[in-house]
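One file, data-v3.pdb, is given below (PDB, C-alpha atoms).
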```pdb
ATOM      1  CA  MET A   1      43.327  24.030  27.302
ATOM      2  CA  ASN A   2      43.895  23.194  23.655
ATOM      3  CA  LYS A   3      45.141  19.786  24.771
ATOM      4  CA  TYR A   4      41.859  19.032  26.610
ATOM      5  CA  THR A   5      39.792  20.440  23.774
ATOM      6  CA  GLY A   6      41.492  18.125  21.297
ATOM      7  CA  LEU A   7      41.014  15.123  23.602
ATOM      8  CA  LEU A   8      37.337  15.911  24.089
ATOM      9  CA  SER A   9      36.884  16.311  20.328
ATOM     10  CA  PHE A  10      38.589  12.938  19.775
ATOM     11  CA  ILE A  11      36.354  11.193  22.361
ATOM     12  CA  PHE A  12      33.269  12.881  20.966
ATOM     13  CA  GLY A  13      34.275  11.701  17.480
ATOM     14  CA  ILE A  14      34.567   8.092  18.700
ATOM     15  CA  ILE A  15      31.184   8.272  20.461
ATOM     16  CA  LEU A  16      29.591   9.750  17.334
ATOM     17  CA  THR A  17      31.124   7.027  15.140
ATOM     18  CA  VAL A  18      29.903   4.256  17.468
ATOM     19  CA  PHE A  19      26.424   5.836  17.556
ATOM     20  CA  VAL A  20      26.260   6.077  13.757
ATOM     21  CA  PHE A  21      27.455   2.459  13.395
ATOM     22  CA  LEU A  22      24.921   1.132  15.910
ATOM     23  CA  SER A  23      22.133   3.122  14.257
ATOM     24  CA  TRP A  24      23.119   1.768  10.827
ATOM     25  CA  ARG A  25      23.276  -1.784  12.195
ATOM     26  CA  SER A  26      19.869  -1.401  13.845
ATOM     27  CA  CYS A  27      18.359  -0.180  10.561
ATOM     28  CA  ASN A  28      19.896  -3.111   8.711
ATOM     29  CA  LYS A  29      18.424  -5.550  11.220
ATOM     30  CA  LYS A  30      15.034  -3.966  10.781
ATOM     31  CA  ASP A  31      15.389  -4.230   6.997
ATOM     32  CA  GLU A  32      16.437  -7.892   7.273
ATOM     33  CA  ALA A  33      13.522  -8.634   9.609
ATOM     34  CA  ALA A  34      11.157  -6.909   7.199
ATOM     35  CA  LEU A  35      12.511  -8.985   4.310
ATOM     36  CA  VAL A  36      12.163 -12.197   6.338
ATOM     37  CA  ASN A  37       8.565 -11.346   7.234
ATOM     38  CA  GLN A  38       7.873 -10.441   3.628
ATOM     39  CA  ASP A  39       9.273 -13.797   2.413
ATOM     40  CA  TYR A  40       7.155 -15.689   4.945
ATOM     41  CA  TYR A  41       4.006 -13.813   3.951
ATOM     42  CA  LEU A  42       4.555 -14.201   0.204
ATOM     43  CA  ILE A  43       5.271 -17.939   0.384
ATOM     44  CA  THR A  44       2.460 -18.854   2.793
ATOM     45  CA  ASN A  45      -0.022 -16.626   0.962
ATOM     46  CA  GLN A  46       0.837 -18.310  -2.344
ATOM     47  CA  ILE A  47       0.161 -21.753  -0.847
ATOM     48  CA  GLN A  48      -3.030 -20.703   0.960
ATOM     49  CA  LYS A  49      -4.506 -19.502  -2.322
ATOM     50  CA  MET A  50      -4.546 -23.107  -3.516
ATOM     51  CA  ASN A  51      -7.460 -24.663  -1.675
ATOM     52  CA  LYS A  52      -8.917 -27.932  -2.892
ATOM     53  CA  MET A  53      -7.004 -28.878  -6.005
ATOM     54  CA  VAL A  54      -8.133 -31.397  -8.606
ATOM     55  CA  VAL A  55      -4.984 -32.967  -9.963
ATOM     56  CA  LEU A  56      -6.277 -35.761 -12.164
ATOM     57  CA  GLU A  57      -9.349 -36.632 -14.198
ATOM     58  CA  GLN A  58      -9.787 -39.759 -16.312
ATOM     59  CA  ASP A  59     -12.658 -41.124 -18.377
ATOM     60  CA  PHE A  60     -13.576 -44.800 -18.660
ATOM     61  CA  SER A  61     -16.123 -46.598 -20.806
ATOM     62  CA  SER A  62     -17.309 -50.137 -21.504
ATOM     63  CA  PHE A  63     -20.258 -52.210 -22.711
ATOM     64  CA  GLN A  64     -22.137 -54.462 -20.302
ATOM     65  CA  THR A  65     -24.589 -57.135 -21.383
ATOM     66  CA  HIS A  66     -27.509 -58.441 -19.367
ATOM     67  CA  LYS A  67     -29.310 -61.625 -20.473
ATOM     68  CA  SER A  68     -32.246 -63.458 -18.927
ATOM     69  CA  SER A  69     -35.211 -65.585 -19.962
ATOM     70  CA  ALA A  70     -38.735 -66.430 -18.867
ATOM     71  CA  ALA A  71     -37.695 -70.023 -18.176
ATOM     72  CA  SER A  72     -35.143 -72.645 -19.060
ATOM     73  CA  ILE A  73     -36.103 -76.146 -20.224
ATOM     74  CA  ALA A  74     -33.512 -78.823 -20.899
ATOM     75  CA  GLY A  75     -30.845 -76.162 -21.231
ATOM     76  CA  PHE A  76     -32.862 -74.058 -23.661
ATOM     77  CA  ASP A  77     -33.917 -70.541 -22.772
ATOM     78  CA  ILE A  78     -37.580 -69.779 -23.256
ATOM     79  CA  LEU A  79     -38.373 -66.201 -24.377
ATOM     80  CA  PRO A  80     -34.832 -64.880 -23.854
ATOM     81  CA  ARG A  81     -34.294 -61.172 -23.508
ATOM     82  CA  GLU A  82     -31.138 -59.126 -23.724
ATOM     83  CA  MET A  83     -30.001 -55.650 -22.841
ATOM     84  CA  VAL A  84     -26.643 -54.091 -23.807
ATOM     85  CA  LEU A  85     -25.623 -51.090 -21.751
ATOM     86  CA  TYR A  86     -22.998 -48.480 -22.582
ATOM     87  CA  THR A  87     -21.422 -47.387 -19.304
ATOM     88  CA  THR A  88     -19.049 -44.493 -18.709
ATOM     89  CA  ALA A  89     -17.337 -43.080 -15.655
ATOM     90  CA  LYS A  90     -15.373 -39.959 -14.843
ATOM     91  CA  ALA A  91     -12.798 -40.552 -12.135
ATOM     92  CA  GLN A  92     -11.517 -37.525 -10.258
ATOM     93  CA  VAL A  93      -8.602 -37.397  -7.808
ATOM     94  CA  SER A  94      -8.228 -34.293  -5.658
ATOM     95  CA  TYR A  95      -6.064 -33.105  -2.770
ATOM     96  CA  ASP A  96      -7.370 -30.683  -0.155
ATOM     97  CA  LEU A  97      -4.367 -28.401   0.272
ATOM     98  CA  LYS A  98      -5.950 -26.815   3.340
ATOM     99  CA  LYS A  99      -4.834 -30.008   5.070
ATOM    100  CA  MET A 100      -1.225 -29.604   3.950
ATOM    101  CA  LYS A 101       1.023 -28.592   6.843
ATOM    102  CA  ILE A 102       4.169 -26.633   6.028
ATOM    103  CA  ASP A 103       6.791 -24.718   7.943
ATOM    104  CA  VAL A 104       8.722 -21.801   6.442
ATOM    105  CA  ASP A 105      12.249 -21.682   7.886
ATOM    106  CA  THR A 106      13.321 -18.142   7.030
ATOM    107  CA  VAL A 107      16.716 -18.552   8.757
ATOM    108  CA  ASN A 108      17.864 -21.523   6.663
ATOM    109  CA  LYS A 109      15.644 -20.518   3.724
ATOM    110  CA  LYS A 110      13.655 -23.751   3.604
ATOM    111  CA  VAL A 111      10.034 -24.648   2.973
ATOM    112  CA  ILE A 112       9.396 -27.820   4.964
ATOM    113  CA  ILE A 113       6.410 -30.048   4.145
ATOM    114  CA  ASP A 114       5.352 -31.658   7.434
ATOM    115  CA  GLU A 115       2.136 -33.299   6.185
ATOM    116  CA  LEU A 116       0.474 -33.928   2.829
ATOM    117  CA  PRO A 117      -3.265 -34.633   2.447
ATOM    118  CA  GLN A 118      -4.471 -38.033   1.306
ATOM    119  CA  PRO A 119      -5.951 -38.230  -2.207
ATOM    120  CA  GLU A 120      -9.730 -38.096  -2.433
ATOM    121  CA  ILE A 121     -11.139 -40.274  -5.229
ATOM    122  CA  LYS A 122     -14.600 -39.685  -6.646
ATOM    123  CA  ILE A 123     -16.157 -41.730  -9.435
ATOM    124  CA  PHE A 124     -19.160 -40.495 -11.390
ATOM    125  CA  PRO A 125     -20.661 -43.407 -13.398
ATOM    126  CA  ASP A 126     -23.309 -43.053 -16.070
ATOM    127  CA  VAL A 127     -25.196 -45.651 -18.119
ATOM    128  CA  LYS A 128     -27.274 -45.676 -21.281
ATOM    129  CA  ILE A 129     -29.186 -48.460 -23.003
ATOM    130  CA  HIS A 130     -27.330 -49.263 -26.207
ATOM    131  CA  PHE A 131     -29.485 -52.172 -27.335
ATOM    132  CA  MET A 132     -32.522 -54.032 -25.937
ATOM    133  CA  ASP A 133     -34.275 -57.116 -27.254
ATOM    134  CA  ASP A 134     -37.275 -58.709 -25.514
ATOM    135  CA  TYR A 135     -40.624 -60.309 -26.242
ATOM    136  CA  ALA A 136     -44.122 -58.946 -25.789
ATOM    137  CA  VAL A 137     -44.864 -61.592 -23.188
ATOM    138  CA  ASN A 138     -41.494 -61.182 -21.452
ATOM    139  CA  ARG A 139     -40.852 -57.453 -21.447
ATOM    140  CA  PHE A 140     -38.303 -55.686 -19.278
ATOM    141  CA  LYS A 141     -40.285 -53.886 -16.629
ATOM    142  CA  GLN A 142     -39.218 -50.387 -15.676
ATOM    143  CA  SER A 143     -38.206 -51.670 -12.259
ATOM    144  CA  ASP A 144     -36.040 -54.322 -13.990
ATOM    145  CA  ILE A 145     -34.401 -51.680 -16.178
ATOM    146  CA  ASN A 146     -33.710 -49.419 -13.199
ATOM    147  CA  GLY A 147     -32.161 -52.279 -11.234
ATOM    148  CA  ILE A 148     -29.993 -53.419 -14.158
ATOM    149  CA  MET A 149     -28.768 -49.868 -14.813
ATOM    150  CA  GLU A 150     -27.967 -49.319 -11.148
ATOM    151  CA  SER A 151     -26.033 -52.591 -11.056
ATOM    152  CA  ALA A 152     -24.131 -51.556 -14.202
ATOM    153  CA  LYS A 153     -23.109 -48.268 -12.531
ATOM    154  CA  LYS A 154     -21.760 -50.131  -9.487
ATOM    155  CA  ASN A 155     -19.852 -52.576 -11.694
ATOM    156  CA  MET A 156     -18.351 -49.687 -13.627
ATOM    157  CA  ALA A 157     -17.228 -47.937 -10.448
ATOM    158  CA  LYS A 158     -15.646 -51.165  -9.149
ATOM    159  CA  SER A 159     -13.760 -51.677 -12.423
ATOM    160  CA  VAL A 160     -11.810 -48.427 -11.993
ATOM    161  CA  ASN A 161      -8.310 -49.208 -10.710
ATOM    162  CA  GLN A 162      -8.040 -46.816  -7.777
ATOM    163  CA  GLU A 163      -4.470 -47.782  -6.873
ATOM    164  CA  GLN A 164      -3.320 -46.904 -10.373
ATOM    165  CA  LEU A 165      -5.201 -43.604 -10.117
ATOM    166  CA  LYS A 166      -3.375 -42.802  -6.876
ATOM    167  CA  GLN A 167       0.014 -43.469  -8.464
ATOM    168  CA  GLU A 168      -0.791 -41.313 -11.474
ATOM    169  CA  SER A 169      -2.225 -38.542  -9.305
ATOM    170  CA  LYS A 170       0.994 -38.531  -7.260
ATOM    171  CA  LYS A 171       2.952 -37.607 -10.395
ATOM    172  CA  GLN A 172       0.497 -34.836 -11.174
ATOM    173  CA  LEU A 173       0.586 -33.601  -7.566
ATOM    174  CA  LYS A 174       4.367 -33.266  -7.815
ATOM    175  CA  GLU A 175       3.998 -31.063 -10.900
ATOM    176  CA  ASN A 176       1.347 -28.931  -9.203
ATOM    177  CA  LEU A 177       3.440 -28.505  -6.064
ATOM    178  CA  ASN A 178       6.404 -27.441  -8.156
ATOM    179  CA  GLU A 179       4.214 -24.751  -9.682
ATOM    180  CA  ILE A 180       3.119 -23.604  -6.220
ATOM    181  CA  PHE A 181       6.718 -23.457  -4.980
ATOM    182  CA  VAL A 182       7.975 -21.419  -7.949
ATOM    183  CA  LEU A 183       7.885 -18.253  -5.838
ATOM    184  CA  ALA A 184       9.741 -19.907  -2.941
ATOM    185  CA  LYS A 185      12.456 -21.124  -5.321
ATOM    186  CA  ALA A 186      12.703 -17.663  -6.876
ATOM    187  CA  LEU A 187      13.451 -16.387  -3.350
ATOM    188  CA  HIS A 188      16.184 -19.088  -3.138
ATOM    189  CA  TYR A 189      14.301 -21.353  -0.718
ATOM    190  CA  SER A 190      14.843 -25.105  -0.894
ATOM    191  CA  ILE A 191      11.928 -27.539  -0.517
ATOM    192  CA  GLU A 192      12.139 -30.359   2.023
ATOM    193  CA  ASP A 193       9.508 -33.092   2.218
ATOM    194  CA  LYS A 194       9.462 -34.712   5.659
ATOM    195  CA  THR A 195       6.648 -37.044   4.630
ATOM    196  CA  ASN A 196       9.083 -38.815   2.263
ATOM    197  CA  THR A 197       6.462 -38.731  -0.482
ATOM    198  CA  PHE A 198       8.908 -36.986  -2.807
ATOM    199  CA  SER A 199      12.678 -36.845  -2.884
ATOM    200  CA  SER A 200      14.555 -33.551  -2.712
ATOM    201  CA  LYS A 201      15.377 -33.894  -6.420
ATOM    202  CA  GLU A 202      11.690 -34.106  -7.345
ATOM    203  CA  LEU A 203      10.721 -30.814  -5.683
TER     204      LEU A 203
END
```
So that I can check it, write out the structure of this file as structure tokens.
Amino acid sequence: MNKYTGLLSFIFGIILTVFVFLSWRSCNKKDEAALVNQDYYLITNQIQKMNKMVVLEQDFSSFQTHKSSAASIAGFDILPREMVLYTTAKAQVSYDLKKMKIDVDTVNKKVIIDELPQPEIKIFPDVKIHFMDDYAVNRFKQSDINGIMESAKKNMAKSVNQEQLKQESKKQLKENLNEIFVLAKALHYSIEDKTNTFSSKEL
């Protein structure tokens, strides 16, 4: 009887050990799953907070001169008039990060950039009359002034080198993305850019 009692106790001990081990393993899996979900939420939430992001602003200025005359005889201008305009422009490059597509690989601990938004360039020109010289019989009409100022704004906008702005904004975008991915890196995630806009060393 004692023999069977000892055997039953031994078997019961094994069953209890296996049960405790499986329970512990199940709890660990739940904890790991919770951590994975927490990582995913923290990283994606951090990125979603950054909506439309202005990454670069630059100011430009120049003087533009407009000359005309009432008539021209033998190469000489009759009643010439002149207007000097001071033109400025604020150029703004922004990226709409709502359009950025990323994938968070919690198994391999990677943040994968599948798509980056294209830069949006906006130019806000402004113009002021710096100097104006005309004659009483050959005045600038208000309609003339409005047309000249509008033309000056268009010329100013065209003079802004948009390709150079894009290149400079790309550098600034890299810095901004690095700031966004600080949390992911703190959680030991690597950043992979599948768009090939940036190398792995840059992010």
Do you have, as a tab-separated table, the list of residues of segment 76-165 of chain A lying at most 7 Å from segment 54-61 of chain A, each with its nearest atom pair and that distance in Å to one decimal, counting all atoms listed in the file and ordered by chain then number?
```
residue	atom	partner	partner_atom	distance
A:Thr87	CA	A:Ser61	CA	5.6
A:Thr88	CA	A:Ser61	CA	4.2
A:Ala89	CA	A:Phe60	CA	5.1
A:Lys90	CA	A:Asp59	CA	4.6
A:Ala91	CA	A:Gln58	CA	5.2
A:Gln92	CA	A:Glu57	CA	4.6
A:Val93	CA	A:Leu56	CA	5.2
A:Ser94	CA	A:Val54	CA	4.1
A:Tyr95	CA	A:Val54	CA	6.4
```
(request) Report the distance between atom CA of Leu183 of chain A and atom CA of Gln167 of chain A in Å, rounded to one decimal place. (result)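 Result for atom CA of Leu183 of chain A versus atom CA of Gln167 of chain A: 26.5 Å, one decimal.
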(request) Work out how far atom CA of Val111 of chain A is from atom CA of Gln172 of chain A, in Å to one decimal. (result) 19.9 Å
(request) Can you work out the spacing between atom CA of Ile180 of chain A and atom CA of Tyr40 of chain A in Å, to one decimal? (result)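 Atom-to-atom, atom CA of Ile180 of chain A and atom CA of Tyr40 of chain A are spaced 14.3 Å apart.
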(request) Check the smallest atom-to-atom distance from each of A:Phe76, A:Tyr41, A:Phe198, A:Phe140 to Thr106 of chain A using all atoms listed in the file, then report the winner. (result)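 Closest residue, counting all atoms listed in the file: A:Tyr41.
Distances to Ala136 of chain A were evaluated for A:Lys52, A:Leu79, A:Lys166, A:Gln46 using all atoms listed in the file, and the minimum falls at A:Leu79.
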(request) Convert the output of the PyMOL selection byres ((chain A and resi 83) around 6) on the shown file into explicit residues, formatted as a PyMOL selection string. (result) chain A and resi 65-66+82+84+131-132
Quick one: axis-aligned box around all listed atoms of segment 172-179 of chain A, 3 Å on every side, centre and edge lengths in Å to one decimal, written as lines of an AutoDock Vina configuration file.
```
center_x = 3.5
center_y = -29.8
center_z = -8.6
size_x = 11.9
size_y = 16.1
size_z = 11.1
```
(request) Name the residues that the PyMOL selection byres ((chain A and resi 128) around 8) pulls out of this structure, and write them as a ChimeraX atom specification. (result) /A:85-87,126-127,129-130,149
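Here the PyMOL selection byres ((chain A and resi 157) around 8) catches exactly these residues: Ala89, Ile123, Phe124, Pro125, Lys153, Lys154, Asn155, Met156, Lys158, Ser159 and Val160 of chain A.
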(request) Measuring atom to atom with only C-alpha atoms, identify which of A:Asn176, A:Asn138, A:Leu187, A:Ser62 is nearest to Asp39 of chain A. (result)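 Of all the options, A:Leu187 lies closest to Asp39 of chain A.
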(message) Let me make sure I understand: among A:Val182, A:Glu120, A:Val104, A:Lys67, which one has the smallest atom-to-atom distance to Gln38 of chain A if we use only C-alpha atoms?
(response)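 Looking at the shortest contact to Gln38 of chain A, the residue is A:Val104.
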(message) Would you pick out the contacts of Glu192 of chain A at 7 Å or less, using only C-alpha atoms, so that residues sharing its chain but fewer than 4 positions from it are not included, and give the list as a list in words?
(response)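 Here the qualifying residues turn out to be Lys110, Val111, Ile112, Ile113 and Ser200 of chain A.
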Limit the output to N, CA and C atoms and give segment 91-121 of chain A as a PDB file, in the first residue's frame.
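See part_24.pdb below for the written result:
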```pdb
ATOM      1  N   ALA A  91       9.150  80.912 -49.065  1.00  0.00           N
ATOM      2  CA  ALA A  91       8.963  79.577 -49.632  1.00  0.00           C
ATOM      3  C   ALA A  91       8.841  78.572 -48.489  1.00  0.00           C
ATOM      4  N   GLN A  92       7.859  77.706 -48.603  1.00  0.00           N
ATOM      5  CA  GLN A  92       7.569  76.754 -47.528  1.00  0.00           C
ATOM      6  C   GLN A  92       7.461  75.350 -48.129  1.00  0.00           C
ATOM      7  N   VAL A  93       8.216  74.419 -47.552  1.00  0.00           N
ATOM      8  CA  VAL A  93       8.163  73.021 -47.999  1.00  0.00           C
ATOM      9  C   VAL A  93       7.602  72.185 -46.852  1.00  0.00           C
ATOM     10  N   SER A  94       6.552  71.434 -47.131  1.00  0.00           N
ATOM     11  CA  SER A  94       5.937  70.617 -46.085  1.00  0.00           C
ATOM     12  C   SER A  94       5.704  69.193 -46.584  1.00  0.00           C
ATOM     13  N   TYR A  95       5.621  68.276 -45.628  1.00  0.00           N
ATOM     14  CA  TYR A  95       5.320  66.871 -45.913  1.00  0.00           C
ATOM     15  C   TYR A  95       4.095  66.475 -45.096  1.00  0.00           C
ATOM     16  N   ASP A  96       3.110  65.902 -45.754  1.00  0.00           N
ATOM     17  CA  ASP A  96       1.906  65.443 -45.068  1.00  0.00           C
ATOM     18  C   ASP A  96       2.155  64.020 -44.572  1.00  0.00           C
ATOM     19  N   LEU A  97       2.502  63.904 -43.278  1.00  0.00           N
ATOM     20  CA  LEU A  97       2.874  62.601 -42.745  1.00  0.00           C
ATOM     21  C   LEU A  97       1.693  61.640 -42.601  1.00  0.00           C
ATOM     22  N   LYS A  98       0.482  62.139 -42.839  1.00  0.00           N
ATOM     23  CA  LYS A  98      -0.664  61.223 -42.881  1.00  0.00           C
ATOM     24  C   LYS A  98      -0.530  60.280 -44.080  1.00  0.00           C
ATOM     25  N   LYS A  99       0.224  60.724 -45.074  1.00  0.00           N
ATOM     26  CA  LYS A  99       0.403  59.925 -46.288  1.00  0.00           C
ATOM     27  C   LYS A  99       1.595  58.972 -46.175  1.00  0.00           C
ATOM     28  N   MET A 100       2.328  59.046 -45.073  1.00  0.00           N
ATOM     29  CA  MET A 100       3.451  58.138 -44.887  1.00  0.00           C
ATOM     30  C   MET A 100       2.926  56.762 -44.485  1.00  0.00           C
ATOM     31  N   LYS A 101       3.396  55.732 -45.162  1.00  0.00           N
ATOM     32  CA  LYS A 101       2.961  54.369 -44.861  1.00  0.00           C
ATOM     33  C   LYS A 101       4.108  53.613 -44.206  1.00  0.00           C
ATOM     34  N   ILE A 102       3.846  53.107 -42.999  1.00  0.00           N
ATOM     35  CA  ILE A 102       4.879  52.361 -42.275  1.00  0.00           C
ATOM     36  C   ILE A 102       4.314  51.029 -41.799  1.00  0.00           C
ATOM     37  N   ASP A 103       5.234  50.119 -41.526  1.00  0.00           N
ATOM     38  CA  ASP A 103       4.860  48.824 -40.970  1.00  0.00           C
ATOM     39  C   ASP A 103       5.755  48.576 -39.764  1.00  0.00           C
ATOM     40  N   VAL A 104       5.157  48.213 -38.643  1.00  0.00           N
ATOM     41  CA  VAL A 104       5.931  47.927 -37.430  1.00  0.00           C
ATOM     42  C   VAL A 104       6.052  46.419 -37.285  1.00  0.00           C
ATOM     43  N   ASP A 105       7.260  45.908 -37.502  1.00  0.00           N
ATOM     44  CA  ASP A 105       7.546  44.473 -37.384  1.00  0.00           C
ATOM     45  C   ASP A 105       8.006  44.200 -35.956  1.00  0.00           C
ATOM     46  N   THR A 106       7.062  43.782 -35.109  1.00  0.00           N
ATOM     47  CA  THR A 106       7.385  43.587 -33.696  1.00  0.00           C
ATOM     48  C   THR A 106       8.207  42.320 -33.460  1.00  0.00           C
ATOM     49  N   VAL A 107       8.182  41.375 -34.411  1.00  0.00           N
ATOM     50  CA  VAL A 107       8.955  40.139 -34.263  1.00  0.00           C
ATOM     51  C   VAL A 107      10.443  40.419 -34.451  1.00  0.00           C
ATOM     52  N   ASN A 108      10.769  41.113 -35.550  1.00  0.00           N
ATOM     53  CA  ASN A 108      12.174  41.429 -35.843  1.00  0.00           C
ATOM     54  C   ASN A 108      12.588  42.805 -35.337  1.00  0.00           C
ATOM     55  N   LYS A 109      11.654  43.459 -34.630  1.00  0.00           N
ATOM     56  CA  LYS A 109      11.902  44.787 -34.047  1.00  0.00           C
ATOM     57  C   LYS A 109      12.406  45.773 -35.107  1.00  0.00           C
ATOM     58  N   LYS A 110      11.546  45.997 -36.095  1.00  0.00           N
ATOM     59  CA  LYS A 110      11.857  46.918 -37.190  1.00  0.00           C
ATOM     60  C   LYS A 110      10.685  47.864 -37.439  1.00  0.00           C
ATOM     61  N   VAL A 111      11.005  49.101 -37.763  1.00  0.00           N
ATOM     62  CA  VAL A 111      10.014  50.034 -38.289  1.00  0.00           C
ATOM     63  C   VAL A 111      10.338  50.194 -39.773  1.00  0.00           C
ATOM     64  N   ILE A 112       9.422  49.770 -40.625  1.00  0.00           N
ATOM     65  CA  ILE A 112       9.678  49.757 -42.063  1.00  0.00           C
ATOM     66  C   ILE A 112       8.880  50.877 -42.730  1.00  0.00           C
ATOM     67  N   ILE A 113       9.584  51.766 -43.423  1.00  0.00           N
ATOM     68  CA  ILE A 113       8.929  52.847 -44.170  1.00  0.00           C
ATOM     69  C   ILE A 113       8.613  52.329 -45.573  1.00  0.00           C
ATOM     70  N   ASP A 114       7.332  52.139 -45.856  1.00  0.00           N
ATOM     71  CA  ASP A 114       6.916  51.627 -47.168  1.00  0.00           C
ATOM     72  C   ASP A 114       6.697  52.754 -48.177  1.00  0.00           C
ATOM     73  N   GLU A 115       6.297  53.932 -47.692  1.00  0.00           N
ATOM     74  CA  GLU A 115       6.018  55.050 -48.604  1.00  0.00           C
ATOM     75  C   GLU A 115       6.199  56.377 -47.869  1.00  0.00           C
ATOM     76  N   LEU A 116       6.871  57.312 -48.538  1.00  0.00           N
ATOM     77  CA  LEU A 116       7.039  58.659 -48.000  1.00  0.00           C
ATOM     78  C   LEU A 116       6.254  59.644 -48.862  1.00  0.00           C
ATOM     79  N   PRO A 117       5.642  60.664 -48.259  1.00  0.00           N
ATOM     80  CA  PRO A 117       4.892  61.643 -49.053  1.00  0.00           C
ATOM     81  C   PRO A 117       5.820  62.527 -49.867  1.00  0.00           C
ATOM     82  N   GLN A 118       5.300  63.042 -50.965  1.00  0.00           N
ATOM     83  CA  GLN A 118       6.060  63.980 -51.789  1.00  0.00           C
ATOM     84  C   GLN A 118       6.044  65.367 -51.128  1.00  0.00           C
ATOM     85  N   PRO A 119       7.117  66.141 -51.299  1.00  0.00           N
ATOM     86  CA  PRO A 119       7.128  67.481 -50.704  1.00  0.00           C
ATOM     87  C   PRO A 119       6.124  68.407 -51.368  1.00  0.00           C
ATOM     88  N   GLU A 120       5.458  69.206 -50.565  1.00  0.00           N
ATOM     89  CA  GLU A 120       4.526  70.208 -51.080  1.00  0.00           C
ATOM     90  C   GLU A 120       5.192  71.577 -50.936  1.00  0.00           C
ATOM     91  N   ILE A 121       5.344  72.278 -52.059  1.00  0.00           N
ATOM     92  CA  ILE A 121       6.021  73.578 -52.056  1.00  0.00           C
ATOM     93  C   ILE A 121       4.993  74.692 -52.252  1.00  0.00           C
TER      94      ILE A 121
END
```
